[in-house]
Amino acid sequence: DEALLSVEGAAKSSAIGAMMEPPEGEGDRRRLVRMVHVLCLCLIGSTAAIALLLARLSREHAGDEALLSVYEHTLKRAKYIDLTHTLEPDAPVWPGFAQPTFGPAVAGNTWPQFIRKDAPFTYADQGFVANALTLPTDQMGTQLDVPGHWDELGATVSDVPATVALRPLVVVNIAEKVSGTPGYAAQPEDVLAWEAVHGQVPQGAVVLFRSDWSRRWEAYKTEGLPPVFPGVSLEALRLLHRERAILLHGHEPLDTDMTDSLEGEAWLLRNGFMQAEGLANLHLVPEAGCLVAVGFAKVAGGTSGLARFVAICPPDSEHGETTWSHPGAPLPA
């Protein structure tokens, strides 16, 4: 568009120059006719320029409306499934870590006629409350593991770009194999079996492995974590990252595999890749056709981020909440 406008401007300048410097001996009548012709050319050129400008503005306006249209006609009618465990004082954690503690927030300083130092905030006295959380590790619950967890020079949570926020979702179901072999680790053939039905794993996707391990999460709070758990093999991880160029994979247990060296996790994080751990509700999510929203606490230097993963699935999905049933404002009491 700008190239055409540039050509138009050059044409106008040339025509006006010709008008101002008529050929030698040209009379006033012929000069007047020349002026009329030039003005007509300028008018025609300006009309074309206006048409081009209006067309361009129309396209830009359509671009502005495109994302809103996607929300109104697709995302607004979608089904939303939370893949995140609620963080609680008795949440299952890796045996080497301590439990988080929860309590009321207390004043750090005395504020005259409002609150004294070390007193808790209350609805009765201050009109509000706040919580104080002690997290002995950032490696708990549903989490986003980053390279800095294993690599001293690796990226940390605060380095993760905003572009990870919304991605295609793939769910590879290994639950049946895990029911017969609790320590089963997903293999490349599990990924290839998914592709045989749904097509190749999309580049940049989030690939989550459903094992149904998380369905006993409440029991783990009292019984402790089981000594044997399902995982994802190094070969499957290499296929997904090296050949399919995914964003990240995720699994339900709190570790990637049961090898002595945790070879899968070590390979991922020492090669600049992320992973999701501690996922929930994958049994409610279709294997294909969904998106996933990724959110996490952006902590400077964090080796992991307490995360929120939400599957966004087609309206005809069996499970999930809608913006109509759960609008989010106002929140229920």
# chains A, B, ... in the order shown; residues from 1 in each chain; ligands from 1
>>> residues_around(residues="Arg215 (chain A)", least_positions_apart="6", cutoff="9 Å", atoms="only C-alpha atoms", output="compact mmCIF listing (two decimals) with C-alpha atoms, in the first residue's frame")
# COMPACT_ATOMS: atom_id res chain seq x y z
CA ALA A 280 -4.53 -33.78 37.60
CA ASN A 281 -7.80 -34.69 35.84
CA HIS A 283 -8.93 -38.65 32.54
>>> closest_atom_pairs(of="region 55-130 of chain A", to="region 306-330 of chain A", cutoff="10 Å", atoms="only C-alpha atoms", output="tab-separated table")
residue	atom	partner	partner_atom	distance
A:Thr74	CA	A:Pro314	CA	8.1
A:Leu75	CA	A:Ile312	CA	7.6
A:Lys76	CA	A:Thr323	CA	6.1
A:Arg77	CA	A:Pro315	CA	5.7
A:Ala78	CA	A:Pro315	CA	4.5
A:Lys79	CA	A:Gly320	CA	4.7
A:Tyr80	CA	A:Ile312	CA	4.8
A:Ile81	CA	A:Gly320	CA	4.8
A:Asp82	CA	A:Val310	CA	4.6
A:Leu83	CA	A:Phe309	CA	5.2
A:Thr84	CA	A:Arg308	CA	5.6
A:His85	CA	A:Arg308	CA	8.4
A:Thr86	CA	A:Arg308	CA	9.5
A:Leu87	CA	A:Leu306	CA	8.9
>>> closest_atom_pairs(of="region 92-130 of chain A", to="region 138-145 of chain A", cutoff="12 Å", atoms="only C-alpha atoms", output="JSON lines")
{"residue": "A:Pro92", "atom": "CA", "partner": "A:Gly141", "partner_atom": "CA", "distance": 7.3}
{"residue": "A:Val93", "atom": "CA", "partner": "A:Met140", "partner_atom": "CA", "distance": 5.8}
{"residue": "A:Trp94", "atom": "CA", "partner": "A:Met140", "partner_atom": "CA", "distance": 7.6}
{"residue": "A:Pro95", "atom": "CA", "partner": "A:Met140", "partner_atom": "CA", "distance": 10.9}
{"residue": "A:Gly96", "atom": "CA", "partner": "A:Gln139", "partner_atom": "CA", "distance": 10.6}
{"residue": "A:Phe97", "atom": "CA", "partner": "A:Gln139", "partner_atom": "CA", "distance": 8.4}
{"residue": "A:Ala98", "atom": "CA", "partner": "A:Met140", "partner_atom": "CA", "distance": 9.9}
{"residue": "A:Gln99", "atom": "CA", "partner": "A:Met140", "partner_atom": "CA", "distance": 9.1}
{"residue": "A:Pro100", "atom": "CA", "partner": "A:Met140", "partner_atom": "CA", "distance": 9.1}
>>> write_last_selection(atoms="N, CA and C atoms", output="compact mmCIF listing (two decimals), in the first residue's frame")
# COMPACT_ATOMS: atom_id res chain seq x y z
N PRO A 92 0.82 -33.94 49.05
CA PRO A 92 1.93 -34.89 48.87
C PRO A 92 3.15 -34.19 48.30
N VAL A 93 4.31 -34.47 48.87
CA VAL A 93 5.56 -33.90 48.37
C VAL A 93 6.61 -35.00 48.29
N TRP A 94 7.64 -34.74 47.49
CA TRP A 94 8.77 -35.65 47.40
C TRP A 94 9.35 -35.85 48.81
N PRO A 95 9.72 -37.08 49.21
CA PRO A 95 10.11 -37.37 50.60
C PRO A 95 11.26 -36.50 51.13
N GLY A 96 12.08 -35.94 50.23
CA GLY A 96 13.18 -35.13 50.71
C GLY A 96 12.79 -33.72 51.11
N PHE A 97 11.55 -33.32 50.83
CA PHE A 97 11.10 -31.96 51.13
C PHE A 97 10.15 -31.95 52.32
N ALA A 98 10.08 -30.81 53.00
CA ALA A 98 9.15 -30.64 54.12
C ALA A 98 7.80 -30.15 53.60
N GLN A 99 6.78 -30.21 54.46
CA GLN A 99 5.44 -29.78 54.09
C GLN A 99 5.33 -28.25 54.17
N PRO A 100 4.46 -27.67 53.37
CA PRO A 100 4.19 -26.23 53.50
C PRO A 100 3.38 -25.96 54.76
>>> closest_atom_pairs(of="region 145-189 of chain A", to="region 271-278 of chain A", cutoff="8 Å", atoms="only C-alpha atoms", output="Markdown table")
| residue | atom | partner | partner_atom | distance |
| --- | --- | --- | --- | --- |
| A:Asp145 | CA | A:Gln275 | CA | 5.2 |
| A:Val146 | CA | A:Met274 | CA | 4.8 |
| A:Pro147 | CA | A:Gly272 | CA | 5.5 |
| A:Gly154 | CA | A:Gly272 | CA | 6.8 |
| A:Ala155 | CA | A:Gly272 | CA | 7.4 |
>>> residues_around(residues="Trp194 (chain A)", least_positions_apart="5", cutoff="10 Å", atoms="only C-alpha atoms", output="count of residues only")
10
>>> select_by_dssp(residues="region 62-306 of chain A", states="strand (DSSP E or B)", output="PyMOL selection string")
chain A and resi 79-82+84+101-104+106+111+115+120+131-134+143-145+166-173+185-186+206-210+231-232+248-251+274-277+279+290-296+304-306
>>> residues_around(residues="region 116-119 of chain A", least_positions_apart="5", cutoff="7 Å", atoms="only C-alpha atoms", output="ChimeraX atom specification")
/A:106-111
>>> residues_around(residues="Pro104 (chain A)", least_positions_apart="4", cutoff="7 Å", atoms="only C-alpha atoms", output="list in words")
Pro120, Ala130, Asn131 and Ala132 of chain A
>>> closest_residue(among="A:Ile115, A:Ala245, A:Ala105, A:Ala300", to="Gln203 (chain A)", atoms="only C-alpha atoms")
A:Ala245
>>> closest_residue(among="A:Ala297, A:Ala266, A:Leu331, A:Ile246", to="Thr156 (chain A)", atoms="only C-alpha atoms")
A:Ala297
>>> closest_residue(among="A:Ala175, A:Ala91, A:Ala219, A:Leu153", to="Leu135 (chain A)", atoms="only C-alpha atoms")
A:Ala91
